[in-house]
>>> print(open('my_file_0.csv').read())   # CSV, C-alpha atoms and all ligand atoms
chain,number,residue,atom,x,y,z
Q,32,MET,CA,-4.2,-24.4,-13.5
Q,33,LYS,CA,-4.9,-24.9,-9.8
Q,34,LYS,CA,-1.7,-24.0,-7.8
Q,35,ASN,CA,-0.8,-25.9,-4.7
Q,36,LYS,CA,-1.2,-24.1,-1.4
Q,37,ILE,CA,2.2,-23.1,0.1
Q,38,THR,CA,3.1,-24.8,3.3
Q,39,VAL,CA,5.7,-24.1,6.0
Q,40,GLU,CA,7.7,-27.1,4.7
Q,41,TYR,CA,7.7,-25.6,1.3
Q,42,ILE,CA,9.1,-22.3,2.7
Q,43,ARG,CA,11.8,-24.2,4.5
Q,44,GLY,CA,12.6,-26.1,1.4
Q,45,LEU,CA,13.2,-22.9,-0.6
Q,46,LYS,CA,16.3,-22.2,1.5
Q,47,LYS,CA,17.7,-25.6,0.7
Q,48,LYS,CA,17.0,-25.0,-3.0
Q,49,HIS,CA,18.6,-21.5,-2.8
Q,50,GLU,CA,15.4,-20.0,-4.0
Q,51,LYS,CA,14.6,-16.6,-2.6
Q,52,ILE,CA,11.4,-16.0,-0.7
Q,53,ALA,CA,9.1,-13.0,-1.5
Q,54,MET,CA,6.9,-11.8,1.4
Q,55,LEU,CA,4.6,-8.8,1.5
Q,56,THR,CA,2.0,-7.4,3.8
Q,57,ALA,CA,-1.8,-7.3,3.2
Q,58,TYR,CA,-4.6,-6.2,5.4
Q,59,ASP,CA,-7.7,-6.6,3.2
Q,60,PHE,CA,-9.4,-8.9,0.7
Q,61,PRO,CA,-8.6,-7.0,-2.6
Q,62,LEU,CA,-4.9,-6.5,-2.0
Q,63,ALA,CA,-4.4,-10.0,-0.7
Q,64,GLU,CA,-6.1,-11.4,-3.8
Q,65,ILE,CA,-3.7,-9.4,-6.0
Q,66,LEU,CA,-0.6,-10.5,-4.1
Q,67,ASP,CA,-1.7,-14.1,-4.2
Q,68,HIS,CA,-2.5,-13.8,-8.0
Q,69,ALA,CA,1.1,-12.4,-8.4
Q,70,ASP,CA,2.4,-15.6,-6.7
Q,71,VAL,CA,4.0,-13.9,-3.6
Q,72,ASP,CA,5.2,-16.8,-1.3
Q,73,ILE,CA,4.1,-15.3,2.0
Q,74,ILE,CA,1.5,-12.8,2.9
Q,75,LEU,CA,1.9,-11.2,6.3
Q,76,VAL,CA,-1.1,-9.6,8.0
Q,77,GLY,CA,1.3,-7.3,9.8
Q,78,ASP,CA,0.6,-5.3,12.9
Q,79,SER,CA,1.9,-2.4,10.7
Q,80,LEU,CA,-1.9,-2.3,10.1
Q,81,ALA,CA,-1.7,0.2,13.0
Q,82,ASN,CA,0.4,2.8,11.1
Q,83,VAL,CA,-0.4,1.9,7.5
Q,84,VAL,CA,-4.2,1.6,7.6
Q,85,LEU,CA,-5.5,2.7,10.9
Q,86,GLY,CA,-3.5,5.9,11.3
Q,87,LEU,CA,-2.1,5.0,14.7
Q,88,GLN,CA,1.3,6.1,16.0
Q,89,SER,CA,2.5,2.8,17.2
Q,90,THR,CA,2.0,-0.9,16.4
Q,91,THR,CA,1.4,-1.5,20.1
Q,92,GLU,CA,-1.9,0.4,19.7
Q,93,VAL,CA,-3.4,-2.4,17.6
Q,94,GLY,CA,-5.1,-5.3,19.3
Q,95,MET,CA,-6.5,-8.8,18.7
Q,96,THR,CA,-9.9,-7.5,17.6
Q,97,GLU,CA,-8.5,-5.4,14.7
Q,98,MET,CA,-5.9,-8.0,13.8
Q,99,LEU,CA,-8.3,-10.9,13.5
Q,100,HIS,CA,-10.8,-8.7,11.6
Q,101,HIS,CA,-8.2,-8.0,8.9
Q,102,ALA,CA,-6.6,-11.4,9.0
Q,103,LYS,CA,-10.0,-13.0,8.2
Q,104,ALA,CA,-10.4,-10.8,5.1
Q,105,VAL,CA,-6.9,-11.7,3.9
Q,106,ALA,CA,-7.2,-15.4,4.5
Q,107,LYS,CA,-10.5,-15.5,2.6
Q,108,ALA,CA,-8.8,-14.0,-0.5
Q,109,VAL,CA,-5.8,-16.2,-0.5
Q,110,LYS,CA,-5.6,-19.6,-2.3
Q,111,ARG,CA,-1.9,-20.2,-2.6
Q,112,ALA,CA,0.4,-18.0,-0.4
Q,113,LEU,CA,1.2,-18.9,3.2
Q,114,VAL,CA,-0.7,-16.5,5.4
Q,115,VAL,CA,1.0,-15.4,8.5
Q,116,GLY,CA,-0.8,-13.5,11.3
Q,117,ASP,CA,1.3,-11.0,13.2
Q,118,MET,CA,0.6,-11.3,16.9
Q,119,PRO,CA,-0.1,-7.9,18.4
Q,120,PHE,CA,1.7,-6.7,21.5
Q,121,GLU,CA,-1.4,-7.2,23.7
Q,122,SER,CA,-1.7,-10.8,22.6
Q,123,TYR,CA,1.6,-12.1,24.0
Q,124,GLN,CA,4.0,-9.5,25.4
Q,125,ALA,CA,1.3,-7.9,27.6
Q,126,ASN,CA,-0.6,-11.2,28.1
Q,127,GLN,CA,1.8,-14.1,28.2
Q,128,GLU,CA,-0.7,-16.5,29.9
Q,129,ARG,CA,-3.1,-16.1,26.9
Q,130,VAL,CA,-0.5,-16.5,24.2
Q,131,VAL,CA,-1.6,-20.0,23.0
Q,132,GLU,CA,-5.3,-19.0,23.0
Q,133,ASN,CA,-4.5,-15.9,21.0
Q,134,ALA,CA,-2.3,-17.8,18.5
Q,135,GLN,CA,-5.1,-20.3,18.0
Q,136,LYS,CA,-7.5,-17.5,17.2
Q,137,PHE,CA,-5.3,-16.5,14.3
Q,138,ILE,CA,-5.5,-20.1,12.9
Q,139,GLN,CA,-9.0,-21.2,13.8
Q,140,GLU,CA,-11.0,-18.0,13.7
Q,141,ALA,CA,-9.1,-16.0,11.0
Q,142,GLY,CA,-7.8,-18.8,8.8
Q,143,CYS,CA,-4.1,-18.0,9.0
Q,144,ASP,CA,-1.4,-20.7,8.4
Q,145,ALA,CA,1.1,-19.5,10.9
Q,146,VAL,CA,1.8,-16.6,13.4
Q,147,LYS,CA,4.7,-14.2,13.8
Q,148,LEU,CA,6.2,-13.0,17.1
Q,149,GLU,CA,8.7,-10.2,17.8
Q,150,TRP,CA,11.7,-10.8,20.0
Q,151,PHE,CA,11.4,-9.7,23.6
Q,152,ASP,CA,12.6,-11.0,27.0
Q,153,GLY,CA,9.8,-13.7,27.2
Q,154,CYS,CA,9.8,-14.5,23.4
Q,155,LEU,CA,11.3,-18.0,23.6
Q,156,GLU,CA,8.8,-19.1,26.2
Q,157,CYS,CA,5.9,-17.8,24.3
Q,158,ALA,CA,7.0,-19.2,20.9
Q,159,ARG,CA,7.7,-22.6,22.5
Q,160,LYS,CA,4.2,-22.8,23.9
Q,161,ILE,CA,2.7,-21.9,20.6
Q,162,ILE,CA,4.8,-24.5,18.7
Q,163,ASP,CA,3.9,-27.1,21.3
Q,164,ALA,CA,0.3,-26.4,20.5
Q,165,GLY,CA,1.0,-27.4,16.9
Q,166,ILE,CA,1.1,-23.9,15.4
Q,167,ALA,CA,3.9,-22.8,13.1
Q,168,VAL,CA,5.8,-19.7,14.3
Q,169,MET,CA,7.9,-17.1,12.5
Q,170,GLY,CA,10.3,-15.2,14.7
Q,171,HIS,CA,11.4,-11.5,14.3
Q,172,VAL,CA,14.7,-10.1,15.5
Q,173,GLY,CA,16.8,-7.0,15.2
Q,174,LEU,CA,14.6,-3.9,15.1
Q,175,THR,CA,11.4,-5.0,16.7
Q,176,PRO,CA,8.9,-2.2,16.4
Q,177,GLN,CA,6.7,-3.3,19.4
Q,178,THR,CA,9.7,-2.7,21.7
Q,179,ALA,CA,11.5,0.0,19.7
Q,180,GLU,CA,11.6,2.4,22.6
Q,181,GLN,CA,13.7,0.0,24.6
Q,182,LEU,CA,16.0,-0.3,21.6
Q,183,GLY,CA,16.7,3.4,21.4
Q,184,GLY,CA,14.0,4.1,18.7
Q,185,PHE,CA,13.6,3.2,15.1
Q,186,LYS,CA,17.3,2.8,14.2
Q,187,VAL,CA,19.7,0.2,12.9
Q,188,GLN,CA,20.4,-2.5,15.5
Q,189,GLY,CA,23.5,-4.6,16.0
Q,190,LYS,CA,26.0,-1.9,15.0
Q,191,ASP,CA,28.5,-3.0,17.7
Q,192,ALA,CA,29.8,-6.5,18.3
Q,193,LEU,CA,28.0,-7.0,21.6
Q,194,SER,CA,24.5,-6.1,20.4
Q,195,ALA,CA,25.1,-7.9,17.0
Q,196,GLN,CA,26.1,-11.0,19.0
Q,197,LYS,CA,22.8,-10.8,20.9
Q,198,ILE,CA,20.8,-10.6,17.7
Q,199,ILE,CA,22.6,-13.6,16.2
Q,200,GLU,CA,21.9,-15.6,19.4
Q,201,HIS,CA,18.2,-14.6,19.4
Q,202,ALA,CA,17.8,-15.9,15.8
Q,203,GLN,CA,19.7,-19.1,16.6
Q,204,ALA,CA,17.5,-19.7,19.8
Q,205,LEU,CA,14.4,-19.2,17.7
Q,206,GLU,CA,15.6,-21.9,15.3
Q,207,GLN,CA,16.4,-24.2,18.1
Q,208,ILE,CA,12.9,-24.1,19.6
Q,209,GLY,CA,11.4,-24.8,16.3
Q,210,CYS,CA,10.5,-21.6,14.5
Q,211,PHE,CA,10.2,-22.2,10.7
Q,212,SER,CA,11.7,-18.9,9.7
Q,213,VAL,CA,12.8,-15.6,11.1
Q,214,VAL,CA,12.4,-11.9,10.0
Q,215,VAL,CA,15.6,-10.0,10.4
Q,216,GLU,CA,14.9,-6.3,10.5
Q,217,CYS,CA,17.2,-3.3,10.1
Q,218,VAL,CA,20.6,-4.8,10.9
Q,219,PRO,CA,23.9,-4.3,9.1
Q,220,GLN,CA,24.1,-6.7,6.1
Q,221,GLU,CA,27.2,-8.4,7.5
Q,222,ILE,CA,25.2,-9.4,10.6
Q,223,ALA,CA,22.3,-10.6,8.5
Q,224,ASN,CA,24.8,-12.7,6.5
Q,225,ILE,CA,26.1,-14.4,9.6
Q,226,ILE,CA,22.6,-15.2,10.8
Q,227,THR,CA,21.6,-16.5,7.4
Q,228,GLU,CA,24.6,-18.7,7.1
Q,229,SER,CA,24.3,-20.1,10.6
Q,230,LEU,CA,20.6,-21.0,10.4
Q,231,SER,CA,19.0,-23.9,8.5
Q,232,ILE,CA,15.6,-22.1,8.5
Q,233,PRO,CA,15.1,-19.2,6.1
Q,234,THR,CA,15.8,-15.6,7.1
Q,235,ILE,CA,13.5,-12.9,5.7
Q,236,GLY,CA,15.2,-9.6,5.6
Q,237,ILE,CA,13.8,-6.1,5.8
Q,238,GLY,CA,16.7,-3.6,5.8
Q,239,ALA,CA,19.1,-6.5,6.2
Q,240,GLY,CA,20.8,-6.7,2.8
Q,241,VAL,CA,20.5,-8.9,-0.2
Q,242,ASN,CA,21.8,-12.1,1.2
Q,243,CYS,CA,18.9,-13.0,3.4
Q,244,ASP,CA,16.9,-16.0,2.1
Q,245,GLY,CA,14.0,-13.8,1.4
Q,246,GLN,CA,12.8,-10.2,1.6
Q,247,VAL,CA,9.7,-8.5,3.1
Q,248,LEU,CA,8.3,-5.0,2.7
Q,249,VAL,CA,5.1,-3.3,3.5
Q,250,THR,CA,3.0,-3.4,0.3
Q,251,HIS,CA,1.6,0.1,0.7
Q,252,ASP,CA,5.2,1.3,0.8
Q,253,ILE,CA,6.4,-0.5,-2.4
Q,254,LEU,CA,3.3,0.6,-4.3
Q,255,GLY,CA,3.8,4.3,-3.2
Q,256,LEU,CA,0.4,4.4,-1.5
Q,257,ALA,CA,1.5,5.7,1.8
Q,258,SER,CA,2.6,9.3,2.3
Q,259,ARG,CA,4.4,8.5,5.5
Q,260,HIS,CA,8.1,8.8,6.0
Q,261,HIS,CA,10.0,5.8,4.6
Q,262,PRO,CA,13.2,4.3,6.0
Q,263,LYS,CA,16.2,3.9,3.7
Q,264,PHE,CA,15.5,0.2,3.1
Q,265,VAL,CA,12.1,0.9,1.4
Q,266,LYS,CA,12.0,0.8,-2.4
Q,267,LYS,CA,9.0,2.3,-4.2
Q,268,PHE,CA,8.3,0.0,-7.1
Q,269,PHE,CA,5.2,2.0,-8.3
Q,270,ASP,CA,3.5,5.3,-7.7
Q,271,LEU,CA,0.0,4.3,-6.9
Q,272,ARG,CA,-0.7,7.5,-4.9
Q,273,SER,CA,-0.3,9.6,-8.0
Q,274,GLY,CA,-2.5,7.3,-10.0
Q,275,ILE,CA,-5.2,7.3,-7.3
Q,276,LEU,CA,-5.0,11.1,-7.0
Q,277,SER,CA,-5.4,11.6,-10.7
Q,278,GLY,CA,-8.4,9.2,-10.9
Q,279,VAL,CA,-10.1,10.8,-7.9
Q,280,GLU,CA,-9.5,14.4,-9.1
Q,281,THR,CA,-11.1,13.5,-12.5
Q,282,PHE,CA,-14.1,11.9,-10.7
Q,283,ILE,CA,-14.6,15.1,-8.7
Q,284,HIS,CA,-14.4,17.3,-11.8
Q,285,GLU,CA,-16.8,15.2,-13.8
Q,286,VAL,CA,-19.3,15.2,-10.9
Q,287,LYS,CA,-19.0,19.0,-10.5
Q,288,ASP,CA,-19.4,19.5,-14.3
Q,289,SER,CA,-22.3,17.0,-14.6
Q,290,LYS,CA,-20.2,14.9,-17.0
Q,291,PHE,CA,-20.6,11.8,-14.9
Q,292,PRO,CA,-22.7,9.6,-15.0
Q,293,GLU,CA,-23.0,9.4,-18.8
Q,294,GLN,CA,-26.0,7.8,-20.5
Q,295,LYS,CA,-24.2,4.4,-20.5
Q,296,HIS,CA,-24.0,4.4,-16.7
Q,297,SER,CA,-27.7,5.2,-16.3
Q,298,TYR,CA,-30.9,3.1,-16.2
Q,299,THR,CA,-34.1,3.9,-18.0
Q,300,ILE,CA,-37.8,3.0,-17.7
Q,301,SER,CA,-40.2,2.5,-20.7
Q,302,LYS,CA,-42.3,5.6,-21.7
Q,303,GLU,CA,-45.5,3.6,-21.1
Q,304,GLU,CA,-44.6,2.8,-17.5
Q,305,LEU,CA,-43.4,6.4,-16.9
Q,306,GLU,CA,-46.7,7.7,-18.3
Q,307,LYS,CA,-48.6,5.6,-15.7
Q,308,LEU,CA,-46.7,7.4,-13.0
Q,309,ARG,CA,-47.2,10.9,-14.2
Q,310,PRO,CA,-50.7,11.6,-12.7
Q,311,ASN,CA,-49.5,10.6,-9.3
Q,312,CYS,CA,-46.2,12.6,-9.5
T,1,LIG,O1,4.1,-5.6,10.8
T,1,LIG,C1,4.8,-5.7,9.7
T,1,LIG,O2,4.4,-5.2,8.7
T,1,LIG,C2,6.1,-6.4,9.9
T,1,LIG,C3,7.0,-6.5,8.7
T,1,LIG,C4,7.2,-5.4,7.9
T,1,LIG,C5,8.1,-7.4,8.9
T,1,LIG,O3,6.3,-6.9,10.9
>>> encode(input="my_file_0.csv", output="structure tokens")
Amino acid sequence: MKKNKITVEYIRGLKKKHEKIAMLTAYDFPLAEILDHADVDIILVGDSLANVVLGLQSTTEVGMTEMLHHAKAVAKAVKRALVVGDMPFESYQANQERVVENAQKFIQEAGCDAVKLEWFDGCLECARKIIDAGIAVMGHVGLTPQTAEQLGGFKVQGKDALSAQKIIEHAQALEQIGCFSVVVECVPQEIANIITESLSIPTIGIGAGVNCDGQVLVTHDILGLASRHHPKFVKKFFDLRSGILSGVETFIHEVKDSKFPEQKHSYTISKEELEKLRPNC
């Protein structure tokens, strides 16, 4: 049965229906196809592409070229989920005058349905311009990896009343200017609860407790594919790395021992045709 494409309105409606939202990252066609087949609600082409796939240190090292390249592959694979393109640092924080143009590239060139922006000083202005251009925007507050250095590194945000108040205000301001949802990353669950209760748009938590309207994690982390250090909020739902290792090791052994390919993996030519070749060989 053909399933209906998920829209921004549908995502907003899930909060009203008290139905949780499941969001995961993807950076390529095959993984995006599997996530979509599993009926995940939102697929984020995250700028975590930098660390997870490209082996870079920081998400600020990934640019529009790489993000669009991967977003295109994801959007091509997805029939149902809402596809959100994560705007890289260079596309808005470092280049505020080109923010609309860059957001449009995610929609028109890559085929995404919406974009995501992390909170920074000029975030509201950037988000407002994109929304005015008719593009749906997801906000991101709390721990914002693109500006993590200014936040004291990769650590829980909003642990004191003053900083928690700021995060709450950031989320509320994003709702006011028309964002359709907001990612709340690495904040005490009590603060995420306040944000979730005070907004009419859905909150998608990552390290923000169970009461957010939805949850997001990096797919490579939940599948146990990445060997990188994981923060406390990551849960490994499967050990794909072990499975891959075992498959690859068996392949290597079979090649070295001439056990692969077997007859059933090989092609043959008729004896007659082979004979015709012999004199020339
Ligand atoms: O880039 C990313 O993967 C993200 C999520 C994990 C929220 O921003």
>>> residues_near_ligand(input="my_file_0.csv", ligand="ligand LIG 1 (chain T)", cutoff="7 Å", atoms="only C-alpha atoms and all ligand atoms", output="list of chain:residue names")
Q:Thr56, Q:Leu75, Q:Gly77, Q:Asp78, Q:Ser79, Q:Leu80, Q:Asp117, Q:Val214, Q:Ile237, Q:Val247, Q:Leu248, Q:Val249
>>> write_last_selection(input="my_file_0.csv", atoms="C-alpha atoms", output="PDB file, in the coordinates of the input")
ATOM      1  CA  THR Q  56       2.000  -7.400   3.800  1.00  0.00           C
ATOM      2  CA  LEU Q  75       1.900 -11.200   6.300  1.00  0.00           C
ATOM      3  CA  GLY Q  77       1.300  -7.300   9.800  1.00  0.00           C
ATOM      4  CA  ASP Q  78       0.600  -5.300  12.900  1.00  0.00           C
ATOM      5  CA  SER Q  79       1.900  -2.400  10.700  1.00  0.00           C
ATOM      6  CA  LEU Q  80      -1.900  -2.300  10.100  1.00  0.00           C
ATOM      7  CA  ASP Q 117       1.300 -11.000  13.200  1.00  0.00           C
ATOM      8  CA  VAL Q 214      12.400 -11.900  10.000  1.00  0.00           C
ATOM      9  CA  ILE Q 237      13.800  -6.100   5.800  1.00  0.00           C
ATOM     10  CA  VAL Q 247       9.700  -8.500   3.100  1.00  0.00           C
ATOM     11  CA  LEU Q 248       8.300  -5.000   2.700  1.00  0.00           C
ATOM     12  CA  VAL Q 249       5.100  -3.300   3.500  1.00  0.00           C
TER      13      VAL Q 249
END
>>> atom_distance(input="my_file_0.csv", atom1="atom CA of Q:Lys295", atom2="atom CA of Q:Ile275")
23.3 Å
>>> residues_around(input="my_file_0.csv", residues="Q:Gly165", least_positions_apart="5", cutoff="12 Å", atoms="only C-alpha atoms", output="list of chain:residue names")
Q:Val131, Q:Ala134, Q:Gln135, Q:Ile138, Q:Asp144, Q:Ala145, Q:Val146, Q:Ala158, Q:Arg159, Q:Lys160, Q:Gly209, Q:Cys210
>>> closest_residue(input="my_file_0.csv", among="Q:Thr38, Q:Glu121, Q:Arg43, Q:Leu62", to="Q:Thr250", atoms="all atoms listed in the file")
Q:Leu62
>>> atom_distance(input="my_file_0.csv", atom1="atom CA of Q:Ala104", atom2="atom CA of Q:Asp270")
24.8 Å
>>> atom_distance(input="my_file_0.csv", atom1="atom CA of Q:Tyr41", atom2="atom CA of Q:Phe60")
23.9 Å
>>> closest_residue(input="my_file_0.csv", among="Q:Lys197, Q:His171, Q:Arg111, Q:His260", to="Q:Cys217", atoms="all atoms listed in the file")
Q:His171
>>> closest_residue(input="my_file_0.csv", among="Q:Cys157, Q:Trp150, Q:Gln139, Q:Val105", to="Q:Gln127", atoms="only C-alpha atoms")
Q:Cys157
>>> residues_around(input="my_file_0.csv", residues="Q:Asn82", least_positions_apart="4", cutoff="10 Å", atoms="all atoms listed in the file", output="MDAnalysis selection string")
chainID Q and resid 78 86:90 92:93 257 259
>>> closest_residue(input="my_file_0.csv", among="Q:Glu285, Q:Glu97, Q:Ile225, Q:Glu132", to="Q:Ala164", atoms="all atoms listed in the file")
Q:Glu132
>>> residues_around(input="my_file_0.csv", residues="Q:Lys136", least_positions_apart="4", cutoff="12 Å", atoms="all atoms listed in the file", output="ChimeraX atom specification")
/Q:95-96,98-100,102-103,116-118,122,129-132,140-146,161,166
>>> closest_residue(input="my_file_0.csv", among="Q:Ile74, Q:Leu254, Q:Val83, Q:Val172", to="Q:Val114", atoms="all atoms listed in the file")
Q:Ile74
>>> residues_near_point(input="my_file_0.csv", point="(8.5, -24.4, -1.8)", cutoff="12 Å", atoms="all atoms listed in the file", output="mmCIF file with C-alpha atoms, keeping the file's coordinate frame")
data_model
loop_
_atom_site.group_PDB
_atom_site.id
_atom_site.type_symbol
_atom_site.label_atom_id
_atom_site.label_comp_id
_atom_site.auth_asym_id
_atom_site.auth_seq_id
_atom_site.Cartn_x
_atom_site.Cartn_y
_atom_site.Cartn_z
ATOM 1 C CA LYS Q 34 -1.700 -24.000 -7.800
ATOM 2 C CA ASN Q 35 -0.800 -25.900 -4.700
ATOM 3 C CA LYS Q 36 -1.200 -24.100 -1.400
ATOM 4 C CA ILE Q 37 2.200 -23.100 0.100
ATOM 5 C CA THR Q 38 3.100 -24.800 3.300
ATOM 6 C CA VAL Q 39 5.700 -24.100 6.000
ATOM 7 C CA GLU Q 40 7.700 -27.100 4.700
ATOM 8 C CA TYR Q 41 7.700 -25.600 1.300
ATOM 9 C CA ILE Q 42 9.100 -22.300 2.700
ATOM 10 C CA ARG Q 43 11.800 -24.200 4.500
ATOM 11 C CA GLY Q 44 12.600 -26.100 1.400
ATOM 12 C CA LEU Q 45 13.200 -22.900 -0.600
ATOM 13 C CA LYS Q 46 16.300 -22.200 1.500
ATOM 14 C CA LYS Q 47 17.700 -25.600 0.700
ATOM 15 C CA LYS Q 48 17.000 -25.000 -3.000
ATOM 16 C CA HIS Q 49 18.600 -21.500 -2.800
ATOM 17 C CA GLU Q 50 15.400 -20.000 -4.000
ATOM 18 C CA LYS Q 51 14.600 -16.600 -2.600
ATOM 19 C CA ILE Q 52 11.400 -16.000 -0.700
ATOM 20 C CA ALA Q 53 9.100 -13.000 -1.500
ATOM 21 C CA ASP Q 70 2.400 -15.600 -6.700
ATOM 22 C CA VAL Q 71 4.000 -13.900 -3.600
ATOM 23 C CA ASP Q 72 5.200 -16.800 -1.300
ATOM 24 C CA ILE Q 73 4.100 -15.300 2.000
ATOM 25 C CA ARG Q 111 -1.900 -20.200 -2.600
ATOM 26 C CA ALA Q 112 0.400 -18.000 -0.400
ATOM 27 C CA LEU Q 113 1.200 -18.900 3.200
ATOM 28 C CA PRO Q 233 15.100 -19.200 6.100
#
>>> closest_residue(input="my_file_0.csv", among="Q:Gln188, Q:Ser289, Q:Gln207, Q:Thr281", to="Q:Ala223", atoms="only C-alpha atoms")
Q:Gln188
